[in-house]
Amino acid sequence: MEGIFTSFTLSWVTFLLAKHPEIQQSVYEEIVNKLGKDRVPTADDVPKLPMIRAVLKETLRLFPVLPGNGRVTQEDLIVGGYLIPKGTQLALCHYATSYDEENFPMANEFQPERWLRKDHMDRVDNFGSIPFGYGIRSCIGKRIAELEIHLALIQLLQNFEIKISSKTKPVRAKTHGLLTPGDSINVKFANRK
Ligand code: HEM
């Protein structure tokens, strides 16, 4: 099951990078400068590559595999002037908040740079996008899923330029509970070597 989460996400990443060659180029240059063209990346390398992390966050903002989440309130809460009694079932559609212009200006655009910290003091957490949930019941696989995708993506980009091809068609997301690609994602991997 969780393999579907990471493979859908990685498919969307290739699709988005194929459609945004200038962003792909800047991610590739960061890899070449900080890591090199050939060195197999490890977990220790990921913090040196903020663009890779930003690309994943932005992809999960646009295509969160789990588009919604829910909680049962454990105590009476007042939120925005409304009393929500203990025991209420709350549904949260973070797919909707991810596309809200108030949370993310130009929300329909793929702009990984929006996740980059300007300096170490400036954290860009944004609760409009919580693809792994939050709190004590958040995704237990988050770290491993992120690491897997980061490492796979770095190696893909070291070896291939990801391009659109004549088979690349617009693909929208579809929801079956999970948010999945609504059609097959076709891109071309052009060997860099
Ligand atoms: C892109 C990859 C993934 C995404 C977007 C994702 C997302 C989520 C979300 C939204 C939740 C619910 C969190 C909440 O209610 O706050 C969740 C729960 C969970 N995920 Fe993931 N997940 C991913 C990959 C994985 C992987 C690789 C594993 C296992 C190795 C995993 C294991 C779990 C488990 C066990 C829970 C239930 C945690 C609990 O209820 O306490 N996930 N995930």
# chains A, B, ... in the order shown; residues from 1 in each chain; ligands from 1
$ residues_near_ligand --ligand "ligand 1" --cutoff "7 Å" --atoms "only C-alpha atoms and all ligand atoms" --output "MDAnalysis selection string"
chainID A and resid 2:3 5:6 9 60 64:66 69:70 131:142 144:146
$ write_last_selection --atoms "N, CA, C and O atoms" --output "mmCIF file, in the first residue's frame"
data_model
loop_
_atom_site.group_PDB
_atom_site.id
_atom_site.type_symbol
_atom_site.label_atom_id
_atom_site.label_comp_id
_atom_site.auth_asym_id
_atom_site.auth_seq_id
_atom_site.Cartn_x
_atom_site.Cartn_y
_atom_site.Cartn_z
ATOM 1 N N GLU A 2 1.814 1.337 0.950
ATOM 2 C CA GLU A 2 2.611 2.566 1.048
ATOM 3 C C GLU A 2 3.528 2.741 -0.166
ATOM 4 O O GLU A 2 3.925 3.854 -0.476
ATOM 5 N N GLY A 3 3.837 1.604 -0.850
ATOM 6 C CA GLY A 3 4.634 1.710 -2.075
ATOM 7 C C GLY A 3 3.899 2.516 -3.128
ATOM 8 O O GLY A 3 4.515 3.248 -3.911
ATOM 9 N N PHE A 5 2.032 5.024 -2.487
ATOM 10 C CA PHE A 5 2.185 6.434 -2.098
ATOM 11 C C PHE A 5 3.467 7.014 -2.682
ATOM 12 O O PHE A 5 3.474 8.095 -3.254
ATOM 13 N N THR A 6 4.552 6.257 -2.506
ATOM 14 C CA THR A 6 5.832 6.789 -2.975
ATOM 15 C C THR A 6 5.907 6.724 -4.509
ATOM 16 O O THR A 6 6.432 7.644 -5.130
ATOM 17 N N THR A 9 3.868 9.526 -6.068
ATOM 18 C CA THR A 9 4.532 10.813 -5.842
ATOM 19 C C THR A 9 5.721 10.975 -6.786
ATOM 20 O O THR A 9 5.889 12.011 -7.425
ATOM 21 N N LEU A 60 3.968 17.266 -3.384
ATOM 22 C CA LEU A 60 2.942 16.759 -2.457
ATOM 23 C C LEU A 60 1.894 17.828 -2.130
ATOM 24 O O LEU A 60 0.782 17.511 -1.746
ATOM 25 N N PRO A 64 -1.322 15.639 -3.161
ATOM 26 C CA PRO A 64 -1.192 14.868 -1.912
ATOM 27 C C PRO A 64 -1.898 13.512 -2.059
ATOM 28 O O PRO A 64 -3.094 13.477 -2.359
ATOM 29 N N VAL A 65 -1.150 12.435 -1.921
ATOM 30 C CA VAL A 65 -1.719 11.104 -2.184
ATOM 31 C C VAL A 65 -2.951 10.856 -1.300
ATOM 32 O O VAL A 65 -3.923 10.240 -1.723
ATOM 33 N N LEU A 66 -2.867 11.316 -0.063
ATOM 34 C CA LEU A 66 -4.065 11.295 0.782
ATOM 35 C C LEU A 66 -4.592 12.725 0.817
ATOM 36 O O LEU A 66 -4.011 13.576 1.481
ATOM 37 N N ASN A 69 -8.027 14.151 5.642
ATOM 38 C CA ASN A 69 -7.642 13.534 6.907
ATOM 39 C C ASN A 69 -8.785 13.794 7.884
ATOM 40 O O ASN A 69 -9.695 14.564 7.600
ATOM 41 N N GLY A 70 -8.759 13.142 9.011
ATOM 42 C CA GLY A 70 -9.838 13.360 9.971
ATOM 43 C C GLY A 70 -9.381 13.141 11.392
ATOM 44 O O GLY A 70 -8.352 12.495 11.630
ATOM 45 N N PRO A 131 0.795 16.949 3.855
ATOM 46 C CA PRO A 131 0.598 15.675 3.143
ATOM 47 C C PRO A 131 0.841 14.443 4.002
ATOM 48 O O PRO A 131 0.358 13.356 3.663
ATOM 49 N N PHE A 132 1.592 14.585 5.092
ATOM 50 C CA PHE A 132 1.837 13.436 5.969
ATOM 51 C C PHE A 132 1.031 13.542 7.266
ATOM 52 O O PHE A 132 1.279 12.800 8.216
ATOM 53 N N GLY A 133 0.060 14.451 7.290
ATOM 54 C CA GLY A 133 -0.713 14.641 8.514
ATOM 55 C C GLY A 133 0.108 15.391 9.548
ATOM 56 O O GLY A 133 1.169 15.948 9.236
ATOM 57 N N TYR A 134 -0.386 15.374 10.772
ATOM 58 C CA TYR A 134 0.325 16.116 11.807
ATOM 59 C C TYR A 134 0.043 15.503 13.168
ATOM 60 O O TYR A 134 -1.045 14.978 13.412
ATOM 61 N N GLY A 135 1.026 15.596 14.032
ATOM 62 C CA GLY A 135 0.801 15.192 15.422
ATOM 63 C C GLY A 135 1.100 13.725 15.659
ATOM 64 O O GLY A 135 1.757 13.048 14.861
ATOM 65 N N ILE A 136 0.573 13.247 16.766
ATOM 66 C CA ILE A 136 0.955 11.927 17.263
ATOM 67 C C ILE A 136 0.553 10.799 16.310
ATOM 68 O O ILE A 136 1.212 9.755 16.250
ATOM 69 N N ARG A 137 -0.515 11.015 15.509
ATOM 70 C CA ARG A 137 -0.938 9.989 14.542
ATOM 71 C C ARG A 137 -0.515 10.337 13.120
ATOM 72 O O ARG A 137 -1.090 9.824 12.148
ATOM 73 N N SER A 138 0.496 11.194 12.979
ATOM 74 C CA SER A 138 0.925 11.522 11.614
ATOM 75 C C SER A 138 1.654 10.313 11.013
ATOM 76 O O SER A 138 1.918 9.323 11.695
ATOM 77 N N CYS A 139 1.970 10.413 9.732
ATOM 78 C CA CYS A 139 2.547 9.274 9.002
ATOM 79 C C CYS A 139 3.847 8.796 9.651
ATOM 80 O O CYS A 139 4.829 9.536 9.732
ATOM 81 N N ILE A 140 3.835 7.527 10.027
ATOM 82 C CA ILE A 140 5.019 6.966 10.676
ATOM 83 C C ILE A 140 6.134 6.702 9.646
ATOM 84 O O ILE A 140 7.305 6.592 9.987
ATOM 85 N N GLY A 141 5.722 6.630 8.371
ATOM 86 C CA GLY A 141 6.694 6.338 7.310
ATOM 87 C C GLY A 141 7.261 7.580 6.639
ATOM 88 O O GLY A 141 7.993 7.471 5.647
ATOM 89 N N LYS A 142 6.931 8.758 7.182
ATOM 90 C CA LYS A 142 7.328 10.015 6.501
ATOM 91 C C LYS A 142 8.824 10.066 6.172
ATOM 92 O O LYS A 142 9.198 10.291 5.024
ATOM 93 N N ILE A 144 11.101 7.740 5.977
ATOM 94 C CA ILE A 144 11.607 6.746 5.016
ATOM 95 C C ILE A 144 11.068 7.033 3.620
ATOM 96 O O ILE A 144 11.782 6.901 2.621
ATOM 97 N N ALA A 145 9.805 7.486 3.559
ATOM 98 C CA ALA A 145 9.223 7.814 2.245
ATOM 99 C C ALA A 145 9.978 8.979 1.621
ATOM 100 O O ALA A 145 10.352 8.937 0.441
ATOM 101 N N GLU A 146 10.237 10.011 2.425
ATOM 102 C CA GLU A 146 10.955 11.177 1.891
ATOM 103 C C GLU A 146 12.361 10.779 1.444
ATOM 104 O O GLU A 146 12.799 11.152 0.354
#
$ residues_around --residues "Ile52 (chain A)" --least-positions-apart "2" --cutoff "10 Å" --atoms "only C-alpha atoms" --output "PyMOL selection string"
chain A and resi 24+26-28+30-31+46-50+54-57+112+149-151+153-154
$ write_last_selection --atoms "N, CA, C and O atoms" --output "tab-separated table (two decimals), in the first residue's frame"
chain	number	residue	atom	x	y	z
A	24	GLN	N	13.98	21.94	-13.48
A	24	GLN	CA	14.78	20.72	-13.50
A	24	GLN	C	16.27	21.04	-13.63
A	24	GLN	O	17.12	20.45	-12.94
A	26	SER	N	17.84	23.74	-12.67
A	26	SER	CA	18.42	24.30	-11.44
A	26	SER	C	18.59	23.21	-10.37
A	26	SER	O	19.57	23.22	-9.62
A	27	VAL	N	17.70	22.23	-10.34
A	27	VAL	CA	17.86	21.12	-9.39
A	27	VAL	C	19.09	20.30	-9.80
A	27	VAL	O	19.92	19.93	-8.95
A	28	TYR	N	19.23	20.07	-11.11
A	28	TYR	CA	20.36	19.28	-11.60
A	28	TYR	C	21.69	19.99	-11.27
A	28	TYR	O	22.64	19.36	-10.81
A	30	GLU	N	22.30	22.04	-8.88
A	30	GLU	CA	22.57	21.93	-7.44
A	30	GLU	C	23.19	20.55	-7.13
A	30	GLU	O	24.15	20.45	-6.36
A	31	ILE	N	22.67	19.52	-7.76
A	31	ILE	CA	23.22	18.17	-7.54
A	31	ILE	C	24.67	18.10	-8.00
A	31	ILE	O	25.56	17.62	-7.29
A	46	VAL	N	21.36	14.66	1.64
A	46	VAL	CA	20.08	15.32	1.37
A	46	VAL	C	20.00	16.75	1.94
A	46	VAL	O	19.54	17.66	1.25
A	47	PRO	N	20.48	16.99	3.18
A	47	PRO	CA	20.41	18.37	3.69
A	47	PRO	C	21.18	19.38	2.85
A	47	PRO	O	20.91	20.56	2.91
A	48	LYS	N	22.14	18.90	2.04
A	48	LYS	CA	22.90	19.82	1.18
A	48	LYS	C	22.12	20.19	-0.08
A	48	LYS	O	22.62	20.98	-0.89
A	49	LEU	N	20.98	19.58	-0.28
A	49	LEU	CA	20.24	19.76	-1.54
A	49	LEU	C	18.83	20.29	-1.28
A	49	LEU	O	17.83	19.57	-1.46
A	50	PRO	N	18.72	21.57	-0.86
A	50	PRO	CA	17.41	22.11	-0.53
A	50	PRO	C	16.40	22.08	-1.68
A	50	PRO	O	15.20	21.94	-1.44
A	54	ALA	N	12.57	20.81	-1.71
A	54	ALA	CA	11.51	21.73	-2.09
A	54	ALA	C	10.64	21.13	-3.21
A	54	ALA	O	9.41	21.29	-3.21
A	55	VAL	N	11.29	20.43	-4.14
A	55	VAL	CA	10.53	19.81	-5.24
A	55	VAL	C	9.55	18.78	-4.67
A	55	VAL	O	8.38	18.71	-5.08
A	56	LEU	N	9.98	18.00	-3.70
A	56	LEU	CA	9.08	16.99	-3.13
A	56	LEU	C	7.92	17.66	-2.37
A	56	LEU	O	6.76	17.26	-2.52
A	57	LYS	N	8.23	18.68	-1.58
A	57	LYS	CA	7.16	19.35	-0.84
A	57	LYS	C	6.13	19.96	-1.80
A	57	LYS	O	4.93	19.90	-1.55
A	112	PRO	N	8.64	25.26	-6.63
A	112	PRO	CA	9.33	24.68	-5.48
A	112	PRO	C	10.07	25.72	-4.63
A	112	PRO	O	10.20	25.55	-3.42
A	149	ILE	N	12.32	8.81	-1.82
A	149	ILE	CA	12.03	9.65	-2.99
A	149	ILE	C	13.21	10.60	-3.28
A	149	ILE	O	13.61	10.75	-4.43
A	150	HIS	N	13.78	11.20	-2.23
A	150	HIS	CA	14.93	12.08	-2.46
A	150	HIS	C	16.06	11.32	-3.15
A	150	HIS	O	16.60	11.78	-4.16
A	151	LEU	N	16.41	10.15	-2.64
A	151	LEU	CA	17.55	9.41	-3.19
A	151	LEU	C	17.27	8.93	-4.61
A	151	LEU	O	18.14	8.98	-5.49
A	153	LEU	N	15.21	10.30	-6.76
A	153	LEU	CA	15.16	11.46	-7.65
A	153	LEU	C	16.57	11.99	-7.97
A	153	LEU	O	16.87	12.32	-9.13
A	154	ILE	N	17.42	12.04	-6.97
A	154	ILE	CA	18.79	12.51	-7.22
A	154	ILE	C	19.45	11.61	-8.28
A	154	ILE	O	20.04	12.09	-9.25
$ closest_residue --among "A:Val13, A:Arg71, A:Arg114, A:Met106" --to "Leu90 (chain A)" --atoms "only C-alpha atoms"
A:Arg71
$ atom_distance --atom1 "CA of Asp183 (chain A)" --atom2 "CA of Asn159 (chain A)"
25.9 Å
$ residues_around --residues "Ser11 (chain A)" --least-positions-apart "5" --cutoff "10 Å" --atoms "only C-alpha atoms" --output "CSV table (one decimal) with all heavy atoms, in the first residue's frame"
chain,number,residue,atom,x,y,z
A,6,THR,N,4.6,6.3,-2.5
A,6,THR,CA,5.8,6.8,-3.0
A,6,THR,C,5.9,6.7,-4.5
A,6,THR,O,6.4,7.6,-5.1
A,6,THR,CB,7.0,6.0,-2.3
A,6,THR,OG1,6.7,4.7,-2.3
A,6,THR,CG2,7.3,6.5,-0.9
A,16,LEU,N,6.1,16.7,-13.4
A,16,LEU,CA,6.3,18.2,-13.2
A,16,LEU,C,7.6,18.7,-13.7
A,16,LEU,O,7.7,19.7,-14.2
A,16,LEU,CB,6.1,18.5,-11.7
A,16,LEU,CG,4.6,18.3,-11.2
A,16,LEU,CD1,4.6,18.3,-9.7
A,16,LEU,CD2,3.8,19.5,-11.7
A,59,THR,N,5.5,19.1,-4.9
A,59,THR,CA,4.8,18.0,-5.6
A,59,THR,C,3.6,17.5,-4.6
A,59,THR,O,2.5,17.3,-5.1
A,59,THR,CB,5.7,16.8,-6.0
A,59,THR,OG1,6.7,17.4,-6.8
A,59,THR,CG2,5.0,15.7,-6.7
A,181,PRO,N,-3.0,9.6,-10.2
A,181,PRO,CA,-3.0,10.1,-11.6
A,181,PRO,C,-4.2,9.6,-12.3
A,181,PRO,O,-4.5,8.4,-12.3
A,181,PRO,CB,-1.7,9.6,-12.2
A,181,PRO,CG,-0.8,9.2,-11.0
A,181,PRO,CD,-1.8,8.7,-10.0
A,184,SER,N,-2.3,7.6,-17.6
A,184,SER,CA,-0.9,7.3,-17.5
A,184,SER,C,0.0,8.5,-17.7
A,184,SER,O,-0.3,9.4,-18.5
A,184,SER,CB,-0.6,6.1,-18.4
A,184,SER,OG,-0.9,6.5,-19.7
A,185,ILE,N,1.1,8.5,-16.9
A,185,ILE,CA,2.0,9.6,-17.0
A,185,ILE,C,3.2,9.1,-17.9
A,185,ILE,O,3.8,8.2,-17.6
A,185,ILE,CB,2.6,10.0,-15.6
A,185,ILE,CG1,1.5,10.6,-14.8
A,185,ILE,CG2,3.8,10.8,-15.7
A,185,ILE,CD1,1.9,11.0,-13.4
A,186,ASN,N,3.3,9.8,-19.1
A,186,ASN,CA,4.4,9.4,-20.0
A,186,ASN,C,5.4,10.5,-20.2
A,186,ASN,O,5.0,11.7,-20.5
A,186,ASN,CB,3.8,9.2,-21.4
A,186,ASN,CG,3.0,7.9,-21.4
A,186,ASN,OD1,3.5,6.8,-21.1
A,186,ASN,ND2,1.7,8.0,-21.8
A,187,VAL,N,6.6,10.2,-19.8
A,187,VAL,CA,7.7,11.2,-20.0
A,187,VAL,C,8.9,10.4,-20.7
A,187,VAL,O,8.9,9.2,-20.8
A,187,VAL,CB,8.2,11.8,-18.7
A,187,VAL,CG1,7.1,12.7,-18.1
A,187,VAL,CG2,8.6,10.8,-17.7
$ residues_around --residues "Phe104 (chain A)" --least-positions-apart "6" --cutoff "12 Å" --atoms "only C-alpha atoms" --output "list in words"
Glu58, Arg61, Leu62, Ala96, Thr97, Ser98, Phe110, Gln111, Pro112, Glu113, Arg114, Trp115, Val124, Asp125, Asn126, Phe127, Gly128 and Ser129 of chain A
$ atom_distance --atom1 "CA of Ala152 (chain A)" --atom2 "CA of Leu116 (chain A)"
20.6 Å
$ atom_distance --atom1 "CA of Phe15 (chain A)" --atom2 "CA of Glu29 (chain A)"
19.0 Å
$ select_by_dssp --residues "region 20-151 of chain A" --states "alpha helix (DSSP H)" --output "JSON, numbers by chain"
{"A": [21, 22, 23, 24, 25, 26, 27, 28, 29, 30, 31, 32, 33, 34, 50, 51, 52, 53, 54, 55, 56, 57, 58, 59, 60, 61, 62, 94, 95, 96, 97, 98, 142, 143, 144, 145, 146, 147, 148, 149, 150, 151]}
$ closest_residue --among "A:Leu147, A:Ser165, A:Arg53, A:Lys174" --to "Pro41 (chain A)" --atoms "only C-alpha atoms"
A:Leu147
$ select_by_dssp --residues "region 41-165 of chain A" --states "strand (DSSP E)" --output "list of chain:residue names"
A:Asn69, A:Gly70, A:Arg71, A:Val72, A:Leu77, A:Ile78, A:Val79, A:Tyr82, A:Leu83, A:Ile84, A:Gln89, A:Leu90, A:Ala91, A:Leu92, A:Phe160, A:Glu161, A:Ile162, A:Lys163
$ residues_around --residues "Phe63 (chain A)" --least-positions-apart "6" --cutoff "8 Å" --atoms "only C-alpha atoms" --output "PyMOL selection string"
chain A and resi 9+12+95+173+179
$ decode --residues "region 73-85 of chain A" --atoms "all heavy atoms" --output "PDB file, in the first residue's frame"
ATOM      1  N   THR A  73     -12.461  14.962  18.028  1.00  0.00           N
ATOM      2  CA  THR A  73     -11.953  15.879  19.065  1.00  0.00           C
ATOM      3  C   THR A  73     -11.969  15.190  20.426  1.00  0.00           C
ATOM      4  O   THR A  73     -12.923  14.506  20.794  1.00  0.00           O
ATOM      5  CB  THR A  73     -12.786  17.172  19.127  1.00  0.00           C
ATOM      6  OG1 THR A  73     -14.158  16.833  19.287  1.00  0.00           O
ATOM      7  CG2 THR A  73     -12.619  17.999  17.867  1.00  0.00           C
ATOM      8  N   GLN A  74     -10.894  15.416  21.161  1.00  0.00           N
ATOM      9  CA  GLN A  74     -10.741  14.776  22.471  1.00  0.00           C
ATOM     10  C   GLN A  74     -11.214  15.676  23.610  1.00  0.00           C
ATOM     11  O   GLN A  74     -11.297  15.248  24.742  1.00  0.00           O
ATOM     12  CB  GLN A  74      -9.268  14.402  22.697  1.00  0.00           C
ATOM     13  CG  GLN A  74      -8.724  13.452  21.641  1.00  0.00           C
ATOM     14  CD  GLN A  74      -9.426  12.107  21.633  1.00  0.00           C
ATOM     15  OE1 GLN A  74      -9.415  11.382  22.615  1.00  0.00           O
ATOM     16  NE2 GLN A  74     -10.072  11.785  20.513  1.00  0.00           N
ATOM     17  N   GLU A  75     -11.450  16.958  23.298  1.00  0.00           N
ATOM     18  CA  GLU A  75     -11.984  17.888  24.305  1.00  0.00           C
ATOM     19  C   GLU A  75     -12.784  18.968  23.585  1.00  0.00           C
ATOM     20  O   GLU A  75     -12.699  19.077  22.358  1.00  0.00           O
ATOM     21  CB  GLU A  75     -10.836  18.498  25.120  1.00  0.00           C
ATOM     22  CG  GLU A  75      -9.731  19.051  24.269  1.00  0.00           C
ATOM     23  CD  GLU A  75      -8.463  19.303  25.080  1.00  0.00           C
ATOM     24  OE1 GLU A  75      -7.692  18.333  25.284  1.00  0.00           O
ATOM     25  OE2 GLU A  75      -8.278  20.443  25.495  1.00  0.00           O
ATOM     26  N   ASP A  76     -13.566  19.730  24.355  1.00  0.00           N
ATOM     27  CA  ASP A  76     -14.297  20.850  23.754  1.00  0.00           C
ATOM     28  C   ASP A  76     -13.285  21.849  23.195  1.00  0.00           C
ATOM     29  O   ASP A  76     -12.277  22.134  23.831  1.00  0.00           O
ATOM     30  CB  ASP A  76     -15.143  21.585  24.814  1.00  0.00           C
ATOM     31  CG  ASP A  76     -16.326  20.739  25.286  1.00  0.00           C
ATOM     32  OD1 ASP A  76     -16.584  19.682  24.675  1.00  0.00           O
ATOM     33  OD2 ASP A  76     -16.990  21.152  26.256  1.00  0.00           O
ATOM     34  N   LEU A  77     -13.576  22.349  21.979  1.00  0.00           N
ATOM     35  CA  LEU A  77     -12.657  23.310  21.361  1.00  0.00           C
ATOM     36  C   LEU A  77     -13.450  24.521  20.885  1.00  0.00           C
ATOM     37  O   LEU A  77     -14.619  24.387  20.496  1.00  0.00           O
ATOM     38  CB  LEU A  77     -12.006  22.709  20.106  1.00  0.00           C
ATOM     39  CG  LEU A  77     -11.040  21.553  20.226  1.00  0.00           C
ATOM     40  CD1 LEU A  77     -10.629  21.106  18.817  1.00  0.00           C
ATOM     41  CD2 LEU A  77      -9.805  21.979  21.004  1.00  0.00           C
ATOM     42  N   ILE A  78     -12.818  25.679  20.913  1.00  0.00           N
ATOM     43  CA  ILE A  78     -13.414  26.837  20.242  1.00  0.00           C
ATOM     44  C   ILE A  78     -12.481  27.204  19.103  1.00  0.00           C
ATOM     45  O   ILE A  78     -11.295  27.489  19.304  1.00  0.00           O
ATOM     46  CB  ILE A  78     -13.614  28.013  21.218  1.00  0.00           C
ATOM     47  CG1 ILE A  78     -14.661  27.605  22.256  1.00  0.00           C
ATOM     48  CG2 ILE A  78     -14.074  29.269  20.470  1.00  0.00           C
ATOM     49  CD1 ILE A  78     -14.870  28.579  23.388  1.00  0.00           C
ATOM     50  N   VAL A  79     -13.010  27.132  17.884  1.00  0.00           N
ATOM     51  CA  VAL A  79     -12.199  27.440  16.701  1.00  0.00           C
ATOM     52  C   VAL A  79     -12.954  28.497  15.894  1.00  0.00           C
ATOM     53  O   VAL A  79     -14.106  28.261  15.488  1.00  0.00           O
ATOM     54  CB  VAL A  79     -11.967  26.186  15.818  1.00  0.00           C
ATOM     55  CG1 VAL A  79     -11.121  26.545  14.591  1.00  0.00           C
ATOM     56  CG2 VAL A  79     -11.284  25.079  16.609  1.00  0.00           C
ATOM     57  N   GLY A  80     -12.333  29.639  15.686  1.00  0.00           N
ATOM     58  CA  GLY A  80     -12.953  30.714  14.898  1.00  0.00           C
ATOM     59  C   GLY A  80     -14.308  31.119  15.460  1.00  0.00           C
ATOM     60  O   GLY A  80     -15.224  31.447  14.694  1.00  0.00           O
ATOM     61  N   GLY A  81     -14.461  31.072  16.765  1.00  0.00           N
ATOM     62  CA  GLY A  81     -15.720  31.492  17.387  1.00  0.00           C
ATOM     63  C   GLY A  81     -16.775  30.389  17.468  1.00  0.00           C
ATOM     64  O   GLY A  81     -17.847  30.589  18.059  1.00  0.00           O
ATOM     65  N   TYR A  82     -16.506  29.226  16.900  1.00  0.00           N
ATOM     66  CA  TYR A  82     -17.458  28.112  16.962  1.00  0.00           C
ATOM     67  C   TYR A  82     -17.044  27.122  18.054  1.00  0.00           C
ATOM     68  O   TYR A  82     -15.864  26.784  18.170  1.00  0.00           O
ATOM     69  CB  TYR A  82     -17.499  27.353  15.632  1.00  0.00           C
ATOM     70  CG  TYR A  82     -18.072  28.157  14.499  1.00  0.00           C
ATOM     71  CD1 TYR A  82     -17.238  28.910  13.672  1.00  0.00           C
ATOM     72  CD2 TYR A  82     -19.437  28.171  14.252  1.00  0.00           C
ATOM     73  CE1 TYR A  82     -17.758  29.670  12.632  1.00  0.00           C
ATOM     74  CE2 TYR A  82     -19.972  28.918  13.217  1.00  0.00           C
ATOM     75  CZ  TYR A  82     -19.123  29.664  12.412  1.00  0.00           C
ATOM     76  OH  TYR A  82     -19.654  30.407  11.389  1.00  0.00           O
ATOM     77  N   LEU A  83     -18.049  26.665  18.791  1.00  0.00           N
ATOM     78  CA  LEU A  83     -17.773  25.624  19.793  1.00  0.00           C
ATOM     79  C   LEU A  83     -17.861  24.264  19.108  1.00  0.00           C
ATOM     80  O   LEU A  83     -18.877  23.926  18.494  1.00  0.00           O
ATOM     81  CB  LEU A  83     -18.796  25.695  20.936  1.00  0.00           C
ATOM     82  CG  LEU A  83     -18.750  24.501  21.892  1.00  0.00           C
ATOM     83  CD1 LEU A  83     -17.440  24.456  22.671  1.00  0.00           C
ATOM     84  CD2 LEU A  83     -19.933  24.523  22.858  1.00  0.00           C
ATOM     85  N   ILE A  84     -16.797  23.512  19.202  1.00  0.00           N
ATOM     86  CA  ILE A  84     -16.805  22.144  18.657  1.00  0.00           C
ATOM     87  C   ILE A  84     -16.711  21.196  19.850  1.00  0.00           C
ATOM     88  O   ILE A  84     -15.666  21.086  20.491  1.00  0.00           O
ATOM     89  CB  ILE A  84     -15.631  21.926  17.678  1.00  0.00           C
ATOM     90  CG1 ILE A  84     -15.749  22.949  16.530  1.00  0.00           C
ATOM     91  CG2 ILE A  84     -15.636  20.510  17.132  1.00  0.00           C
ATOM     92  CD1 ILE A  84     -14.563  22.982  15.607  1.00  0.00           C
ATOM     93  N   PRO A  85     -17.834  20.507  20.178  1.00  0.00           N
ATOM     94  CA  PRO A  85     -17.833  19.699  21.392  1.00  0.00           C
ATOM     95  C   PRO A  85     -16.914  18.490  21.281  1.00  0.00           C
ATOM     96  O   PRO A  85     -16.642  17.984  20.180  1.00  0.00           O
ATOM     97  CB  PRO A  85     -19.286  19.232  21.527  1.00  0.00           C
ATOM     98  CG  PRO A  85     -20.076  19.971  20.517  1.00  0.00           C
ATOM     99  CD  PRO A  85     -19.128  20.442  19.469  1.00  0.00           C
TER     100      PRO A  85
END
